[in-house]
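Peer 1: Have a look at this one.
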Amino acid sequence: MSRFERKILFAIGLAVFLALGGSIFLAQGALRDVYAVGVNERFGAELVHGVEARRGQLMALRASSDQVADAVLWAVEAQLATSRSDAALDSLLAELLDRYEAVQSIRLIDDADEVLANAVRAPDPVGGALRTTIRDRETGRGERKLRIEVEVSVPERYFERLQEAGEVADVYSRLQQQGASVSDVYAWVFGVLAFFVILVAFLIGAIVSRRVTRRVTDLAEASRKVGAGDLTVALPTGAGDEITELTKAFNQMVRDLRDSRTRIEYLQRIGAWQDFARRLAHEIKNPLTPIQLAAQEMSETYAGEDEAYQKKLLQARAIIEEEVATLRRLVGEFSAFAKLPRADLSPSDLCELIESIRISIPAVLEDVGRGAAAPVEVQLSCATKPIRVRMDPMMLKRGVDNIVRNAIQAVHAAHPAGGGRVLVRAYQSEGSGFIEIRDNGAGIDEENWERVFDPYYTTKAEGTGLGLAIVKKVVLEHGGEVRLDRAPEGGARFSIELPLMETS
Amino acid sequence: MRFAVAALVLLVAAVAYGQSQLPKRDLGVAWSRGAARVSFSAKDLADERVRQQLSSGLRKRMEVTVSAHLNGSNWRMGVRQFGCDVTRDLWEDGYLVRIGDQSERLKTLEQVLDRCLVVEGLFVGEPNSYALQKGRDIYFAVKAEFNPISKKQCTELIRPSSGGDPVGPISVTIVRRRICKAERRIAFRSEVLRVPE
C-alpha cells in the first residue's frame, strides 16, 4: 500500500469515524431527552395514582356490598320479626333482589340446613364474570334458629383492571428507573449498527480509492520511465474523471515528447549528413579538374602513329570526362544539400504554394519526358481557401516539387503510354494544414516507408537519395510531419502536415 | 472462528467462577431413589419492600430455581424451577396463591412465604444424572427471584415500533432483559457434598 493510499484511507477513516463518534454522542443526548419527555416522574406518579384509585374503587365496592348485605339482612330480620307469612317473605326477597344489583341471592336456612326461602338472580349472559362472597347472620323466628345468607358480588373486571394497571405502572416504574441505561442501549445499538455500515462503506471507499490511487501510482511510475528516457509509455484511460483527463494529458505529453525527440534526432542526423556531404564535395571536387585536364592532355599530346592506341586514348578521355561530369553533378547536389539553409518561417497560404507548384509542372513534365511532355495527368487543388500556416514558401516549394517530380517519374515509368495520374491537393483538418501528393504509379513497398526519408537511400539508378531527406528536414523545421503510405489509386501517397496558424 | 471459540470459553469460565463464588448456606439434602431431595428456606427474599408489594392486591410472582452442579464445573446435572403467583384478595381477606395449575387460598402472608419460599424435599434432577456421577463432588445452587416480568408479558408491554428499522428490535431485546428482570434476587449454594456410591 502506497503512502498516498494510506493517506486517503486515513482521511476516509477519520471522516467516517469522527462522524460516527459525533452521531453517537448526539444520538445519546437526543435519546435521553426524548426518553425523559416520554418517561417522566409525573406520568409515573399518575399511573401509581391510577392503581391506587382502582384499589380504592375496589375497597369502596367491598364496603358498599357489605352495606347492601347488612341492609338486606336487616330487612329480612325485620320481616321475620313482624310477619309469619311465607308469601310475604318470598315477596320481600324478590323485592330486595330487584332493589340491590350487587345481591345475587338471598337464602333463609333453618338449623337443619333446609332452605325455607330463596331468591336467586338469573345469570346475566352479557354481564361478565363476577366475584362473589356470602355475608350471613343468625336470627330466629319464634323458637326456630335461622340463618340468612346474602350473596353479594362485584364484576371480575374491576380486579382485572387493577392487575392491568398495576402491571403497566410496574413496567413504567422500571422504565423510569432504567431511563439512562435504556437510552444508552439504543445509542449503542445504533452505534454498533452504524459502525458496521460505516465499516462496509469504508471498505468500499478503500476499494474505490485504491482504484484511483493505483492510477495515480501508475502515472508516477510512467513518469519515472519517461524520465529515464522510455518514451514508448502509454497508459490506459478509463472513465471520464479528472484522473482520466490527467492520464490523457500525460499520454499526449509523452507523444509530443516522442515526436520532438524523433524530430530532433532526425535533424541531428541530417546535420551530420550535411557535414559529411560538405567534406565529401570538397574532397571530390578538388581533384576533378586536374583529372579532366590530365586526360585531355594525354589525349591531345600523343604524337605517335599507333592509331589503335590513339583510339583507346580518345575512348578513355571520353569515359573520364563523362564520369567527371557525373561526379561534378553529385558534388553539386552534395554541396547544395550541405548548404541547405534553415527554414525562415512567415505567415503564408498553402493554396498559394499549390498555385506556384502548378506553374512549374510543365517544366517537370518536359524534363521527365526528356524533351517532350510526359503523358501524366497532374491535378492540383486547394479544398479551403486560404489555409494559413507559417512556412518558408521557397523551401517548402522545393520539397513539394521534389515529391511531385518523383511521383511524375514513378507514374511515367509505370504508364509510359499515358494513364499516369498525380493528385496534389491542400486542405485543412483538426488544427493542421495538409498537402497530399498521391499517384497511381507502382508505389513503394511498405518496409521502405521509413527508410525513404534517410539521406542517400534511393531506389532509382541515378538518384542521390537526398530529395526526400531534404523534404523531411524542411517539413520538420516547419514543426510538421511528413508521412508515406499507400494511395487509394495504388501508388504512393505523401502527406505533409503543418500546424495551422492560430486565428486571433 | 477462533475468536468466537475463545469468547465462548471465557464466558463459560466466567459463569462457572461466578457460580462458585455464591454465598454458602446449609441445605438439607437427602437421597431418595437415586435422586437428591433438597430442603431450604429462601424466605429472606421477602424483605420489607417485598412484603409490602405482596400485600398490595397486585399479582406478584416469586420464582425459585434449584440446580445441581458438578464441583469445579459449570455443567448443570439437574434443575428444578417453580413459581408462585401471589395475589392478595381485596374482596375477601387472604391471599390467592397459584403454583402451576393449582390455586389455593391462604390466610396470612407468612403462610404464603412458607408455601412459596420454604422448600421441603424437592427432587432436583433425574436419578440417571446422578448415577453417572457416583462418588463425585457436587453442590446445589439456589436462585430466588421476586417479580420477574414474564417473557410473554414483557414482550407484550415492550415492543419495537413498526418502522422496520434494525435498531428497534435489537435494542428492545436488550431493554427487555434489563426492564423485565427480577426486582429482587437472592442466590446461594450448598456446601460441597458427594454423590453416594
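Chain labels follow the order of the C-alpha cells: the first chain is A, the next B, and so on; residue numbering restarts at 1 in every chain, and ligands are counted from 1 in their shown order.
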Would you list, as a list in words, the residues of segment 410-482 of chain A that end up in strand (DSSP E) under DSSP run on this structure's backbone?

Peer 2: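 Matching residues, listed in order: Gly420, Arg421, Val422, Leu423, Val424, Arg425, Ala426, Tyr427, Gln428, Ser429, Ser432, Gly433, Phe434, Ile435, Glu436, Ile437, Arg438, Asp439, Glu481 and Val482 of chain A.
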
Peer 1: Set the distance at 10 Å and use only C-alpha atoms: which residues neighbour Ala42 of chain B once local chain neighbours fewer than 6 positions away are removed? I'd like the list as a PyMOL selection string.

Peer 2: chain B and resi 64+113-114+116-119+142-145+186-188

Peer 1: Could you list, with a cut-off of 7 Å and counting only C-alpha atoms, the residues of chain A near chain B, each shown with its nearest atom pair and the distance in Å rounded to one decimal, rows sorted by chain and ascending number, as CSV?

Peer 2:
```
residue,atom,partner,partner_atom,distance
A:Met59,CA,B:Leu90,CA,6.9
A:Arg62,CA,B:Trp91,CA,6.1
A:Gln163,CA,B:Leu58,CA,5.5
A:Gly166,CA,B:Leu58,CA,6.1
A:Arg174,CA,B:Ile179,CA,5.8
A:Leu175,CA,B:Ile179,CA,6.4
A:Val182,CA,B:Val175,CA,6.1
A:Val185,CA,B:Ser171,CA,6.1
A:Tyr186,CA,B:Ser171,CA,5.4
A:Val189,CA,B:Ser171,CA,6.1
A:Phe190,CA,B:Val167,CA,5.8
```

Peer 1: Could you tell me how far atom CA of Glu138 of chain A lies from atom CA of Ala75 of chain A, in Å and to one decimal?

Peer 2: 13.6 Å

Peer 1: Just how far from atom CA of Arg161 of chain A is atom CA of Glu149 of chain A, in Å to one decimal?

Peer 2: 28.9 Å

Peer 1: Quick one: residues within 10 Å of segment 79-84 of chain A, only C-alpha atoms, excluding same-chain residues fewer than 4 positions away - as a ChimeraX atom specification?

Peer 2: /A:73-75,88-89,92-93,139-142,146

Peer 1: Just checking: using only C-alpha atoms, which residue out of B:Ala141, B:Pro127, B:Gly34, B:Ser55 ends up closest to Gln81 of chain B?

Peer 2: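 Under the stated criterion, the closest residue is B:Ala141.
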
Peer 1: Can you tell me which residues surround segment 104-107 of chain A at a distance of at most 6 Å, considering only C-alpha atoms, apart from same-chain residues fewer than 3 positions away, and format the answer as a CSV table (one decimal) with C-alpha atoms, in the first residue's frame?

Peer 2:
```csv
chain,number,residue,atom,x,y,z
A,117,ALA,CA,-87.0,-19.1,51.4
A,118,ASN,CA,-84.8,-18.4,48.4
A,119,ALA,CA,-84.4,-15.7,45.8
A,120,VAL,CA,-81.7,-16.1,43.1
A,121,ARG,CA,-80.9,-13.6,40.4
A,148,ILE,CA,-79.9,-15.6,56.5
A,149,GLU,CA,-77.3,-15.8,53.7
A,150,VAL,CA,-76.8,-12.9,51.3
A,151,GLU,CA,-74.5,-13.5,48.3
A,152,VAL,CA,-73.1,-10.2,47.1
```

Peer 1: Which parts of segment 214-331 of chain A does DSSP call alpha helix (DSSP H) when run on the backbone here, written out as a ChimeraX atom specification?

Peer 2: /A:214-227,242-300,307-331

Peer 1: Ala222 of chain A: which residues within 12 Å, counting only C-alpha atoms, same-chain residues fewer than 4 positions away excluded, as a list in words?

Peer 2: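 Contacts, in chain order: Arg214, Arg215, Val216, Thr217, Asp218, Val226, Gly227, Ala228, Gly229, Asp230, Leu231, Thr232, Val233, Ala234, Leu235, Pro236, Thr247, Phe250, Asn251, Met253 and Val254 of chain A.
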
Peer 1: When you draw a straight line from atom CA of Ser183 of chain A to atom CA of Ala36 of chain A, how long is it in Å?

Peer 2: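 One can read the atom CA of Ser183 of chain A to atom CA of Ala36 of chain A distance as 9.4 Å.
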